[in-house]
Every structure is written in C-alpha cells, then in structure tokens.
>>> print(open('structure.cif').read())   # mmCIF, C-alpha atoms and all ligand atoms
data_run
loop_
_atom_site.label_atom_id
_atom_site.label_comp_id
_atom_site.auth_asym_id
_atom_site.auth_seq_id
_atom_site.Cartn_x
_atom_site.Cartn_y
_atom_site.Cartn_z
CA MET A 21 164.14 161.44 -72.40
CA ARG A 22 167.47 159.68 -72.78
CA LEU A 23 168.57 156.27 -71.50
CA ILE A 24 172.21 156.12 -70.39
CA THR A 25 173.74 152.78 -69.48
CA ASN A 26 177.39 153.79 -69.44
CA ILE A 27 178.97 155.30 -66.31
CA GLN A 28 181.40 157.52 -68.22
CA GLU A 29 178.62 158.90 -70.41
CA MET A 30 176.55 159.70 -67.32
CA ARG A 31 179.50 161.48 -65.67
CA LEU A 32 180.08 163.57 -68.79
CA PHE A 33 176.41 164.48 -69.05
CA SER A 34 176.32 165.58 -65.40
CA SER A 35 179.54 167.62 -65.73
CA ASP A 36 178.04 169.47 -68.71
CA VAL A 37 174.84 170.20 -66.80
CA LYS A 38 176.87 171.55 -63.88
CA LYS A 39 178.97 173.73 -66.19
CA SER A 40 175.79 175.23 -67.63
CA GLY A 41 174.74 176.25 -64.11
CA LYS A 42 171.69 174.00 -64.00
CA THR A 43 170.73 171.82 -61.04
CA ILE A 44 170.29 168.03 -61.00
CA VAL A 45 167.60 166.22 -59.03
CA PHE A 46 168.06 162.50 -58.53
CA VAL A 47 165.60 159.69 -57.78
CA PRO A 48 167.40 156.36 -57.21
CA THR A 49 165.28 153.25 -57.84
CA MET A 50 165.59 149.54 -58.43
CA GLY A 51 162.92 149.77 -61.13
CA TYR A 52 159.55 148.04 -61.35
CA LEU A 53 158.10 151.47 -60.81
CA HIS A 54 154.78 152.20 -59.10
CA ASP A 55 152.95 155.32 -57.96
CA GLY A 56 155.24 155.59 -54.94
CA HIS A 57 158.12 156.25 -57.34
CA GLY A 58 155.73 158.49 -59.30
CA SER A 59 155.35 160.76 -56.28
CA LEU A 60 159.16 161.04 -55.91
CA LEU A 61 159.48 161.90 -59.59
CA ALA A 62 156.68 164.48 -59.47
CA LYS A 63 158.31 166.20 -56.49
CA GLY A 64 161.74 165.85 -58.07
CA ARG A 65 160.50 167.57 -61.22
CA GLU A 66 159.61 170.62 -59.08
CA LEU A 67 162.91 170.79 -57.24
CA GLY A 68 165.45 171.42 -60.01
CA ASP A 69 166.26 171.66 -63.70
CA ILE A 70 167.34 168.17 -64.79
CA LEU A 71 165.61 165.08 -63.40
CA VAL A 72 167.71 161.92 -63.36
CA MET A 73 166.31 158.55 -62.26
CA SER A 74 168.49 155.49 -61.84
CA ILE A 75 167.25 151.94 -62.36
CA PHE A 76 169.68 149.48 -60.87
CA VAL A 77 168.91 146.31 -58.94
CA ASN A 78 171.86 146.48 -56.62
CA PRO A 79 173.26 142.98 -55.94
CA ILE A 80 175.31 143.98 -52.89
CA GLN A 81 172.27 144.97 -50.83
CA PHE A 82 170.73 141.50 -51.09
CA GLY A 83 171.78 138.73 -48.70
CA ALA A 84 172.81 135.29 -49.99
CA LYS A 85 169.36 133.86 -49.28
CA GLU A 86 167.44 136.89 -50.52
CA ASP A 87 165.54 137.61 -53.71
CA TYR A 88 168.11 139.36 -55.97
CA ALA A 89 167.49 137.07 -58.95
CA ALA A 90 163.73 137.07 -58.39
CA TYR A 91 163.48 140.83 -57.82
CA PRO A 92 160.86 142.06 -60.33
CA ARG A 93 162.22 143.80 -63.43
CA ASP A 94 160.44 145.47 -66.37
CA LEU A 95 162.67 148.04 -68.05
CA ASN A 96 160.27 148.75 -70.92
CA ASN A 97 157.43 149.63 -68.64
CA ASP A 98 159.76 151.64 -66.38
CA LEU A 99 160.93 153.69 -69.37
CA LYS A 100 157.32 154.46 -70.29
CA MET A 101 156.59 155.54 -66.74
CA ALA A 102 159.77 157.64 -66.63
CA GLU A 103 158.74 159.39 -69.84
CA ALA A 104 155.23 160.03 -68.48
CA ASN A 105 156.80 161.55 -65.37
CA LYS A 106 158.99 163.90 -67.42
CA VAL A 107 162.29 162.31 -66.43
CA ASP A 108 165.20 163.72 -68.47
CA ILE A 109 167.70 160.90 -67.97
CA VAL A 110 167.26 157.28 -66.97
CA PHE A 111 170.60 155.92 -65.79
CA SER A 112 170.70 152.13 -65.82
CA PRO A 113 174.21 150.72 -65.50
CA THR A 114 175.11 147.04 -65.46
CA ALA A 115 176.23 145.24 -62.31
CA GLU A 116 179.56 144.44 -64.03
CA ASP A 117 180.24 148.15 -64.57
CA MET A 118 179.22 149.13 -61.07
CA TYR A 119 181.19 146.33 -59.41
CA PRO A 120 184.06 145.34 -61.69
CA GLU A 121 186.46 142.65 -60.66
CA GLY A 122 188.61 143.80 -57.75
CA PHE A 123 185.90 146.01 -56.24
CA GLN A 124 186.47 146.13 -52.47
CA THR A 125 185.40 149.50 -51.05
CA TYR A 126 182.23 149.66 -48.97
CA LEU A 127 180.56 152.25 -46.80
CA ASP A 128 179.15 151.46 -43.36
CA VAL A 129 176.81 153.77 -41.48
CA GLU A 130 177.42 151.94 -38.26
CA ARG A 131 174.88 152.41 -35.49
CA LEU A 132 171.85 153.25 -37.61
CA SER A 133 172.39 150.09 -39.64
CA ASN A 134 172.26 147.91 -36.53
CA HIS A 135 168.55 148.20 -35.86
CA LEU A 136 165.28 147.09 -37.48
CA CYS A 137 165.94 145.69 -40.99
CA GLY A 138 169.70 145.73 -40.40
CA LEU A 139 169.37 142.89 -37.87
CA ALA A 140 167.50 140.52 -40.17
CA ARG A 141 169.46 141.65 -43.23
CA PRO A 142 173.12 141.95 -42.20
CA GLY A 143 175.11 143.92 -44.80
CA HIS A 144 171.96 145.34 -46.42
CA PHE A 145 172.58 148.97 -45.47
CA ARG A 146 176.27 148.67 -46.28
CA GLY A 147 175.15 147.69 -49.77
CA VAL A 148 172.63 150.52 -49.94
CA ALA A 149 175.03 153.20 -48.67
CA THR A 150 177.77 151.99 -51.02
CA VAL A 151 175.61 152.04 -54.14
CA VAL A 152 174.04 155.38 -53.23
CA ILE A 153 177.39 157.09 -52.72
CA LYS A 154 178.59 155.63 -56.04
CA LEU A 155 175.46 156.93 -57.77
CA PHE A 156 175.90 160.33 -56.09
CA ASN A 157 179.52 160.45 -57.33
CA ILE A 158 178.51 159.56 -60.88
CA ILE A 159 175.38 161.73 -61.15
CA LYS A 160 176.48 164.67 -58.94
CA PRO A 161 172.96 165.67 -57.92
CA ASP A 162 172.06 168.77 -55.93
CA THR A 163 169.00 167.06 -54.46
CA ALA A 164 168.02 163.39 -54.03
CA LEU A 165 164.65 161.95 -53.05
CA PHE A 166 163.89 158.80 -51.05
CA GLY A 167 160.60 157.30 -49.83
CA GLU A 168 159.72 157.15 -46.15
CA LYS A 169 158.47 153.56 -46.49
CA ASP A 170 162.12 152.61 -46.13
CA PHE A 171 162.48 154.96 -43.17
CA GLN A 172 165.71 153.39 -41.94
CA GLN A 173 167.25 153.71 -45.40
CA LEU A 174 166.34 157.40 -45.47
CA LEU A 175 168.02 157.94 -42.07
CA VAL A 176 171.11 156.00 -43.18
CA ILE A 177 171.46 158.13 -46.32
CA LYS A 178 170.89 161.39 -44.44
CA ARG A 179 173.53 160.39 -41.87
CA MET A 180 176.00 159.40 -44.60
CA VAL A 181 175.50 162.73 -46.38
CA GLN A 182 176.01 164.64 -43.12
CA ASP A 183 178.97 162.61 -41.86
CA LEU A 184 180.85 162.75 -45.16
CA ASN A 185 180.01 166.40 -45.97
CA ILE A 186 178.50 165.38 -49.27
CA GLY A 187 176.49 168.56 -49.76
CA ILE A 188 173.38 167.01 -51.30
CA ASP A 189 169.91 167.91 -50.10
CA VAL A 190 168.18 164.63 -49.15
CA VAL A 191 164.40 164.86 -49.27
CA GLY A 192 162.10 162.22 -47.71
CA MET A 193 158.69 161.67 -49.25
CA PRO A 194 155.57 160.23 -47.55
CA ILE A 195 154.49 156.62 -48.09
CA ILE A 196 152.05 156.16 -50.97
CA ARG A 197 149.37 153.55 -50.29
CA GLU A 198 146.97 151.45 -52.31
CA GLU A 199 143.29 152.31 -51.81
CA ASP A 200 142.97 149.74 -49.04
CA GLY A 201 146.05 151.03 -47.22
CA LEU A 202 148.80 148.61 -48.29
CA ALA A 203 152.07 150.56 -48.71
CA MET A 204 153.14 150.53 -52.36
CA SER A 205 156.21 148.41 -53.01
CA SER A 206 157.69 146.60 -56.00
CA ARG A 207 157.66 143.48 -53.83
CA ASN A 208 153.83 143.53 -53.66
CA SER A 209 153.91 142.01 -57.16
CA HIS A 210 155.15 138.75 -55.58
CA LEU A 211 151.94 138.37 -53.53
CA ASN A 212 149.27 135.97 -54.73
CA LYS A 213 145.60 136.76 -54.16
CA SER A 214 145.33 135.40 -50.61
CA GLU A 215 148.74 136.85 -49.64
CA ARG A 216 147.69 140.26 -50.99
CA LYS A 217 144.64 140.11 -48.73
CA ALA A 218 146.75 138.96 -45.78
CA ALA A 219 149.25 141.80 -46.36
CA LEU A 220 146.63 144.30 -45.23
CA CYS A 221 147.36 143.30 -41.63
CA LEU A 222 150.45 145.55 -41.70
CA PHE A 223 148.35 148.64 -42.34
CA GLN A 224 145.64 147.56 -39.90
CA ALA A 225 148.31 147.03 -37.24
CA ILE A 226 149.99 150.42 -37.62
CA MET A 227 146.59 152.13 -37.69
CA LYS A 228 145.73 150.43 -34.41
CA GLY A 229 149.03 151.66 -32.96
CA LYS A 230 148.24 155.19 -34.13
CA ASP A 231 144.73 155.07 -32.62
CA MET A 232 146.08 153.83 -29.29
CA TYR A 233 148.73 156.55 -29.22
CA GLU A 234 146.21 159.23 -30.12
CA SER A 235 143.83 157.99 -27.43
CA GLY A 236 146.51 158.81 -24.86
CA ILE A 237 148.57 155.59 -24.50
CA LYS A 238 152.20 156.68 -24.36
CA ASP A 239 153.83 153.43 -23.18
CA ALA A 240 155.33 151.37 -26.00
CA GLU A 241 154.51 147.98 -24.47
CA PRO A 242 150.69 147.90 -24.82
CA ILE A 243 150.98 149.35 -28.33
CA LEU A 244 153.52 146.69 -29.35
CA LYS A 245 151.35 143.96 -27.84
CA GLU A 246 148.21 145.01 -29.68
CA VAL A 247 150.07 145.50 -32.99
CA ARG A 248 151.58 142.02 -32.63
CA ASN A 249 148.15 140.50 -31.88
CA ILE A 250 146.77 141.91 -35.12
CA ILE A 251 149.63 140.51 -37.19
CA GLU A 252 149.56 137.14 -35.41
CA GLU A 253 145.85 136.77 -36.07
CA GLU A 254 146.73 136.53 -39.77
CA PRO A 255 147.76 132.92 -40.52
CA LEU A 256 149.95 133.83 -43.53
CA ALA A 257 151.93 136.46 -41.60
CA VAL A 258 155.19 135.93 -39.71
CA VAL A 259 156.58 138.85 -37.71
CA ASP A 260 160.22 139.78 -38.25
CA TYR A 261 160.13 142.84 -35.98
CA ILE A 262 157.73 145.32 -34.46
CA ARG A 263 159.37 148.30 -32.77
CA VAL A 264 158.55 151.64 -31.24
CA CYS A 265 161.73 153.64 -31.55
CA ASP A 266 163.34 157.06 -31.66
CA ILE A 267 162.83 158.69 -35.08
CA ASN A 268 166.47 159.82 -35.28
CA THR A 269 168.52 157.06 -33.66
CA LEU A 270 166.11 154.09 -34.04
CA GLU A 271 166.85 153.12 -30.41
CA ASP A 272 163.88 151.38 -28.75
CA LEU A 273 161.63 153.61 -26.64
CA GLU A 274 159.68 152.48 -23.58
CA LYS A 275 157.72 155.70 -23.29
CA ILE A 276 156.84 158.13 -26.06
CA THR A 277 157.37 161.69 -24.91
CA ASP A 278 157.27 163.54 -28.21
CA LYS A 279 157.53 161.58 -31.45
CA ALA A 280 158.25 157.92 -32.16
CA LEU A 281 158.49 155.62 -35.12
CA LEU A 282 156.26 152.55 -35.09
CA ALA A 283 157.97 150.25 -37.58
CA LEU A 284 157.35 146.68 -38.60
CA ALA A 285 158.61 144.01 -40.97
CA VAL A 286 156.43 141.01 -41.67
CA LYS A 287 156.81 138.06 -43.98
CA ILE A 288 153.69 137.19 -45.97
CA GLY A 289 154.49 133.84 -47.50
CA LYS A 290 157.97 134.36 -48.98
CA THR A 291 157.61 138.13 -49.35
CA ARG A 292 159.05 140.40 -46.70
CA LEU A 293 157.12 143.66 -46.35
CA VAL A 294 157.86 146.74 -44.24
CA ASP A 295 155.65 149.56 -43.11
CA ASN A 296 155.82 152.36 -40.55
CA ILE A 297 154.14 155.39 -39.13
CA VAL A 298 155.40 158.33 -37.09
CA LEU A 299 153.42 158.64 -33.86
CA SER A 300 153.25 162.31 -33.04
CA ASN A 301 151.08 164.75 -31.13
CA SER A 302 151.24 167.36 -33.85
O1 LIG A 401 165.09 151.94 -52.18
C1 LIG A 401 165.63 151.41 -53.17
O2 LIG A 401 165.00 151.19 -54.19
C2 LIG A 401 167.10 151.03 -53.10
O3 LIG A 401 167.45 150.61 -51.84
C3 LIG A 401 168.05 152.15 -53.61
C4 LIG A 401 167.95 153.40 -52.74
C5 LIG A 401 167.70 152.51 -55.05
C6 LIG A 401 169.49 151.66 -53.57
O4 LIG A 401 169.69 150.52 -54.34
#
>>> encode(input="structure.cif", output="structure tokens", more="lines below")
Ligand code: PAF
Amino acid sequence: MRLITNIQEMRLFSSDVKKSGKTIVFVPTMGYLHDGHGSLLAKGRELGDILVMSIFVNPIQFGAKEDYAAYPRDLNNDLKMAEANKVDIVFSPTAEDMYPEGFQTYLDVERLSNHLCGLARPGHFRGVATVVIKLFNIIKPDTALFGEKDFQQLLVIKRMVQDLNIGIDVVGMPIIREEDGLAMSSRNSHLNKSERKAALCLFQAIMKGKDMYESGIKDAEPILKEVRNIIEEEPLAVVDYIRVCDINTLEDLEKITDKALLALAVKIGKTRLVDNIVLSNS
C-alpha cells in the first residue's frame, strides 16, 4: 500500500494505471474509518483492479458553526485499516493543495440539495459535490462507492455524474449498523455513554416506521407522528427533520404508493446524527 499526499503524484499514478488498461475503484472518505467504510472497501476490492481510498476532511462542506476542527482524525489507525482492507493507494491531500488561494469554482446540484440535510446545512452539498468532482478529476476512477447512510449525498453524486456526463459508475452500499442497530458513523465517537444510549432512538424510530408501513399504513402522517413521538421521548434528542419522501427527488410524500425514503436527522447533545430506511413492498 502506498500513501500519496501530492495531487500531481496521484494524477500521474492514475494516468499510468489507465495506460496499462487496468481499472480504478475509488472510495472517498473523511477518515476515522469504521466497519461501514470497511464494507465499501471490501466491495470496492471486488469491482476493479486498483483500489484507491481518499482521506480528506473537506473544509468546504462544513458550515461556519459546524465541527470541522473537531471532526475526528486518526491517520495512523486509518492507514492500518486501509492496509487490512487491501487498499492499493491512500490519497490524503492537504486542504491548502485542494483549495489554494484564489479558488472560486463550486458545483451546485440544485434541487436535490434543497431538501433534508441541505436545509439545516446550507452549502453542505455544494462542498460535497465540489470536492467529489475534484477527487474524480484527480483519481480518474471507473467506479466509486458511497454509503447509503448519507442517502441524499449518494443521490447528489449520482445526479452530478449523470448531468455532467462524467462516466463513472456510482455504487451505493447498505448502511452498516452496530449490534444494537445504531448506524455506524465517525461522529458516533463524539457521543458520551448516556448520549450513545440515547442515540438508539434513531434506529428504534425508523424500525417503528418500517413496522407501521409493513402492517399496511401507507399515509405518511401517522408514520411521521409515531416516529417523532419515539425521538421526543428521549430527553437528550432534538429533532432536526423527519421526512417521508420520494427516493429519487426527495420531495415529501403524503401517501406511499410504491417506495419511499423515511429519513431523519437528530441532534444528540452536540452531535448531529442521520439515519434512514427505504420503505418498500418488495
Ligand atoms: O461521506 C463523506 O465522508 C464525505 O462527504 C465525502 C464523500 C468523502 C466528501 O468529503
């Protein structure tokens, strides 16, 4: 495994791989890896010849009052985990190289960014789309993998790839959960013992939504009400949003005819967590 921190070196490496006719699979991350990333890497390993993982805590996707400085970082441990997952290249550029002075070009995926997390975090998806297209341009992957925990992010990237004819296969991977159901996230490391316990309400709430849907309730309103009750029963939890929406456009749905996304964002203490589930008959 090789660690590359220089953009030019990464570009040269990728060009050489392309010339040799091999394929590149890419897993973008902000580091502080957990088994959720592990599942992306394991799948990535199967999908092509050279597996590249980026580690870059992207400043432009954090709002002014958000946790960029406090975002957990542990490069040594990440490198060990990358090695164990048979990553070929870890690409970890500096923020100064990615956004040198004078940088002023951003990418907006307009409508999809104006729902769910985009409302509470204005500019977040602009930051995500911009860094991902930069990483795509540097690494030139054939395939890229993203987790479905950040369902909106996955849709934004898929839309960007389609709209701009980027020609990269974007693969979404299922949420990986702790034994008790909490969706794995680097942010879980911020939770203290009582917050960790409280955070379970997200999983309990989406499971309740799923049960209601599967028992025949197709109206969004009673599902939303019950999900909210479960979260609000937890004293450490503050709801940001709870939505039942279309799985492609993220527009709110009143009635579920085929499939729907039940998505929520909840603050547990200072930590904002997201979770979701696709409600579907099949
Ligand atoms: O999901 C993440 O970790 C980040 O949003 C990503 C895709 C690596 C872009 O910074």
>>> residues_near_ligand(input="structure.cif", ligand="ligand LIG 401 (chain A)", cutoff="7 Å", atoms="all atoms listed in the file", output="PyMOL selection string")
chain A and resi 48-50+76-78+148+151-152+166+170
>>> residues_around(input="structure.cif", residues="Lys85 of chain A", least_positions_apart="5", cutoff="12 Å", atoms="all atoms listed in the file", output="ChimeraX atom specification")
/A:79,90,140-142,290
>>> closest_residue(input="structure.cif", among="A:Leu136, A:Val294, A:Ala84, A:Ile159", to="Ile188 of chain A", atoms="all atoms listed in the file")
A:Ile159
>>> residues_near_point(input="structure.cif", point="(174.9, 166.4, -53.0)", cutoff="9 Å", atoms="only C-alpha atoms", output="VMD selection string")
chain A and resid 156 to 157 160 to 164 181 185 to 190
>>> write_last_selection(input="structure.cif", atoms="C-alpha atoms", output="PDB file, keeping the file's coordinate frame")
ATOM      1  CA  PHE A 156     175.900 160.330 -56.090  1.00  0.00           C
ATOM      2  CA  ASN A 157     179.520 160.450 -57.330  1.00  0.00           C
ATOM      3  CA  LYS A 160     176.480 164.670 -58.940  1.00  0.00           C
ATOM      4  CA  PRO A 161     172.960 165.670 -57.920  1.00  0.00           C
ATOM      5  CA  ASP A 162     172.060 168.770 -55.930  1.00  0.00           C
ATOM      6  CA  THR A 163     169.000 167.060 -54.460  1.00  0.00           C
ATOM      7  CA  ALA A 164     168.020 163.390 -54.030  1.00  0.00           C
ATOM      8  CA  VAL A 181     175.500 162.730 -46.380  1.00  0.00           C
ATOM      9  CA  ASN A 185     180.010 166.400 -45.970  1.00  0.00           C
ATOM     10  CA  ILE A 186     178.500 165.380 -49.270  1.00  0.00           C
ATOM     11  CA  GLY A 187     176.490 168.560 -49.760  1.00  0.00           C
ATOM     12  CA  ILE A 188     173.380 167.010 -51.300  1.00  0.00           C
ATOM     13  CA  ASP A 189     169.910 167.910 -50.100  1.00  0.00           C
ATOM     14  CA  VAL A 190     168.180 164.630 -49.150  1.00  0.00           C
TER      15      VAL A 190
END
>>> atom_distance(input="structure.cif", atom1="atom CA of Asn208 of chain A", atom2="atom CA of Asp295 of chain A")
12.3 Å
>>> closest_residue(input="structure.cif", among="A:Gln124, A:Gln28, A:Ser209, A:Asn296", to="Asp94 of chain A", atoms="only C-alpha atoms")
A:Ser209
>>> atom_distance(input="structure.cif", atom1="atom CA of Asp128 of chain A", atom2="atom CA of Thr150 of chain A")
7.8 Å
>>> closest_residue(input="structure.cif", among="A:Thr125, A:Ser40, A:Thr269, A:Ser302", to="Ile80 of chain A", atoms="all atoms listed in the file")
A:Thr125
>>> atom_distance(input="structure.cif", atom1="atom CA of Ile196 of chain A", atom2="atom CA of Ala283 of chain A")
15.8 Å
>>> residues_around(input="structure.cif", residues="Glu215 of chain A", least_positions_apart="3", cutoff="10 Å", atoms="only C-alpha atoms", output="PyMOL selection string")
chain A and resi 208+210-212+218-220+255-257+287-291
>>> axis_aligned_box(input="structure.cif", around="segment 231-248 of chain A", padding_each_side="3 Å", output="lines of an AutoDock Vina configuration file")
center_x = 149.6
center_y = 150.6
center_z = -28.1
size_x = 17.5
size_y = 23.2
size_z = 15.8
>>> residues_around(input="structure.cif", residues="Leu270 of chain A", least_positions_apart="4", cutoff="12 Å", atoms="only C-alpha atoms", output="PyMOL selection string")
chain A and resi 131-138+171-176+263-266+279-283+298
>>> closest_residue(input="structure.cif", among="A:Leu222, A:Ala89, A:Ile44, A:Leu32", to="Glu253 of chain A", atoms="all atoms listed in the file")
A:Leu222
>>> closest_residue(input="structure.cif", among="A:Lys217, A:Arg31, A:His144, A:Arg197", to="Lys169 of chain A", atoms="only C-alpha atoms")
A:Arg197
>>> residues_near_point(input="structure.cif", point="(153.5, 148.3, -30.7)", cutoff="8 Å", atoms="all atoms listed in the file", output="PyMOL selection string")
chain A and resi 229+240-248+262-264+282
>>> closest_residue(input="structure.cif", among="A:Leu95, A:Leu155, A:Leu165, A:Ile24", to="Arg65 of chain A", atoms="all atoms listed in the file")
A:Leu165
>>> decode(input="structure.cif", residues="segment 90-101 of chain A", atoms="all heavy atoms", output="mmCIF file, in the first residue's frame")
data_model
loop_
_atom_site.group_PDB
_atom_site.id
_atom_site.type_symbol
_atom_site.label_atom_id
_atom_site.label_comp_id
_atom_site.auth_asym_id
_atom_site.auth_seq_id
_atom_site.Cartn_x
_atom_site.Cartn_y
_atom_site.Cartn_z
ATOM 1 N N ALA A 90 -13.230 19.955 15.014
ATOM 2 C CA ALA A 90 -13.396 18.858 15.981
ATOM 3 C C ALA A 90 -13.663 17.516 15.300
ATOM 4 O O ALA A 90 -13.806 16.504 15.974
ATOM 5 C CB ALA A 90 -14.553 19.187 16.909
ATOM 6 N N TYR A 91 -13.762 17.512 13.962
ATOM 7 C CA TYR A 91 -14.059 16.248 13.278
ATOM 8 C C TYR A 91 -12.959 15.238 13.616
ATOM 9 O O TYR A 91 -11.779 15.568 13.543
ATOM 10 C CB TYR A 91 -14.150 16.470 11.756
ATOM 11 C CG TYR A 91 -14.806 15.288 11.076
ATOM 12 C CD1 TYR A 91 -16.192 15.207 10.992
ATOM 13 C CD2 TYR A 91 -14.051 14.229 10.578
ATOM 14 C CE1 TYR A 91 -16.812 14.102 10.414
ATOM 15 C CE2 TYR A 91 -14.660 13.133 10.006
ATOM 16 C CZ TYR A 91 -16.047 13.079 9.925
ATOM 17 O OH TYR A 91 -16.642 11.974 9.361
ATOM 18 N N PRO A 92 -13.332 14.002 14.019
ATOM 19 C CA PRO A 92 -12.292 13.071 14.497
ATOM 20 C C PRO A 92 -11.302 12.690 13.399
ATOM 21 O O PRO A 92 -11.675 12.508 12.247
ATOM 22 C CB PRO A 92 -13.103 11.849 14.960
ATOM 23 C CG PRO A 92 -14.411 11.942 14.264
ATOM 24 C CD PRO A 92 -14.674 13.402 14.032
ATOM 25 N N ARG A 93 -10.036 12.620 13.779
ATOM 26 C CA ARG A 93 -8.975 12.274 12.823
ATOM 27 C C ARG A 93 -8.024 11.285 13.475
ATOM 28 O O ARG A 93 -7.668 11.452 14.643
ATOM 29 C CB ARG A 93 -8.183 13.527 12.433
ATOM 30 C CG ARG A 93 -8.969 14.561 11.611
ATOM 31 C CD ARG A 93 -8.272 15.919 11.687
ATOM 32 N NE ARG A 93 -8.808 16.908 10.766
ATOM 33 C CZ ARG A 93 -9.820 17.727 11.008
ATOM 34 N NH1 ARG A 93 -10.467 17.667 12.161
ATOM 35 N NH2 ARG A 93 -10.208 18.627 10.110
ATOM 36 N N ASP A 94 -7.584 10.267 12.726
ATOM 37 C CA ASP A 94 -6.594 9.316 13.234
ATOM 38 C C ASP A 94 -5.941 8.620 12.033
ATOM 39 O O ASP A 94 -6.271 7.473 11.708
ATOM 40 C CB ASP A 94 -7.277 8.301 14.179
ATOM 41 C CG ASP A 94 -6.261 7.409 14.873
ATOM 42 O OD1 ASP A 94 -5.086 7.406 14.455
ATOM 43 O OD2 ASP A 94 -6.652 6.713 15.829
ATOM 44 N N LEU A 95 -5.019 9.344 11.395
ATOM 45 C CA LEU A 95 -4.437 8.840 10.144
ATOM 46 C C LEU A 95 -3.724 7.499 10.337
ATOM 47 O O LEU A 95 -3.868 6.603 9.505
ATOM 48 C CB LEU A 95 -3.484 9.890 9.534
ATOM 49 C CG LEU A 95 -2.906 9.508 8.172
ATOM 50 C CD1 LEU A 95 -3.998 9.325 7.116
ATOM 51 C CD2 LEU A 95 -1.896 10.542 7.671
ATOM 52 N N ASN A 96 -3.004 7.356 11.463
ATOM 53 C CA ASN A 96 -2.259 6.101 11.658
ATOM 54 C C ASN A 96 -3.177 4.898 11.677
ATOM 55 O O ASN A 96 -2.928 3.885 11.022
ATOM 56 C CB ASN A 96 -1.462 6.152 12.973
ATOM 57 C CG ASN A 96 -0.219 6.983 12.774
ATOM 58 O OD1 ASN A 96 0.228 7.176 11.637
ATOM 59 N ND2 ASN A 96 0.319 7.498 13.862
ATOM 60 N N ASN A 97 -4.238 5.028 12.433
ATOM 61 C CA ASN A 97 -5.187 3.925 12.501
ATOM 62 C C ASN A 97 -5.865 3.688 11.147
ATOM 63 O O ASN A 97 -6.076 2.544 10.733
ATOM 64 C CB ASN A 97 -6.225 4.216 13.585
ATOM 65 C CG ASN A 97 -6.892 2.946 14.020
ATOM 66 O OD1 ASN A 97 -6.205 1.974 14.366
ATOM 67 N ND2 ASN A 97 -8.200 2.905 13.940
ATOM 68 N N ASP A 98 -6.189 4.782 10.450
ATOM 69 C CA ASP A 98 -6.818 4.659 9.131
ATOM 70 C C ASP A 98 -5.900 3.911 8.160
ATOM 71 O O ASP A 98 -6.360 3.093 7.357
ATOM 72 C CB ASP A 98 -7.139 6.046 8.549
ATOM 73 C CG ASP A 98 -8.287 6.726 9.289
ATOM 74 O OD1 ASP A 98 -8.998 6.042 10.048
ATOM 75 O OD2 ASP A 98 -8.456 7.948 9.108
ATOM 76 N N LEU A 99 -4.601 4.195 8.254
ATOM 77 C CA LEU A 99 -3.659 3.527 7.333
ATOM 78 C C LEU A 99 -3.610 2.031 7.631
ATOM 79 O O LEU A 99 -3.565 1.205 6.707
ATOM 80 C CB LEU A 99 -2.264 4.149 7.443
ATOM 81 C CG LEU A 99 -2.166 5.589 6.917
ATOM 82 C CD1 LEU A 99 -0.765 6.147 7.135
ATOM 83 C CD2 LEU A 99 -2.561 5.692 5.450
ATOM 84 N N LYS A 100 -3.671 1.699 8.924
ATOM 85 C CA LYS A 100 -3.677 0.265 9.287
ATOM 86 C C LYS A 100 -4.932 -0.408 8.715
ATOM 87 O O LYS A 100 -4.879 -1.504 8.166
ATOM 88 C CB LYS A 100 -3.681 0.110 10.812
ATOM 89 C CG LYS A 100 -2.304 0.265 11.420
ATOM 90 C CD LYS A 100 -2.348 -0.057 12.911
ATOM 91 C CE LYS A 100 -1.229 0.705 13.606
ATOM 92 N NZ LYS A 100 -1.549 1.150 14.938
ATOM 93 N N MET A 101 -6.047 0.282 8.871
ATOM 94 C CA MET A 101 -7.305 -0.307 8.395
ATOM 95 C C MET A 101 -7.315 -0.414 6.875
ATOM 96 O O MET A 101 -7.803 -1.394 6.305
ATOM 97 C CB MET A 101 -8.486 0.533 8.890
ATOM 98 C CG MET A 101 -9.788 -0.177 8.697
ATOM 99 S SD MET A 101 -11.056 0.453 9.783
ATOM 100 C CE MET A 101 -12.491 -0.130 8.880
#
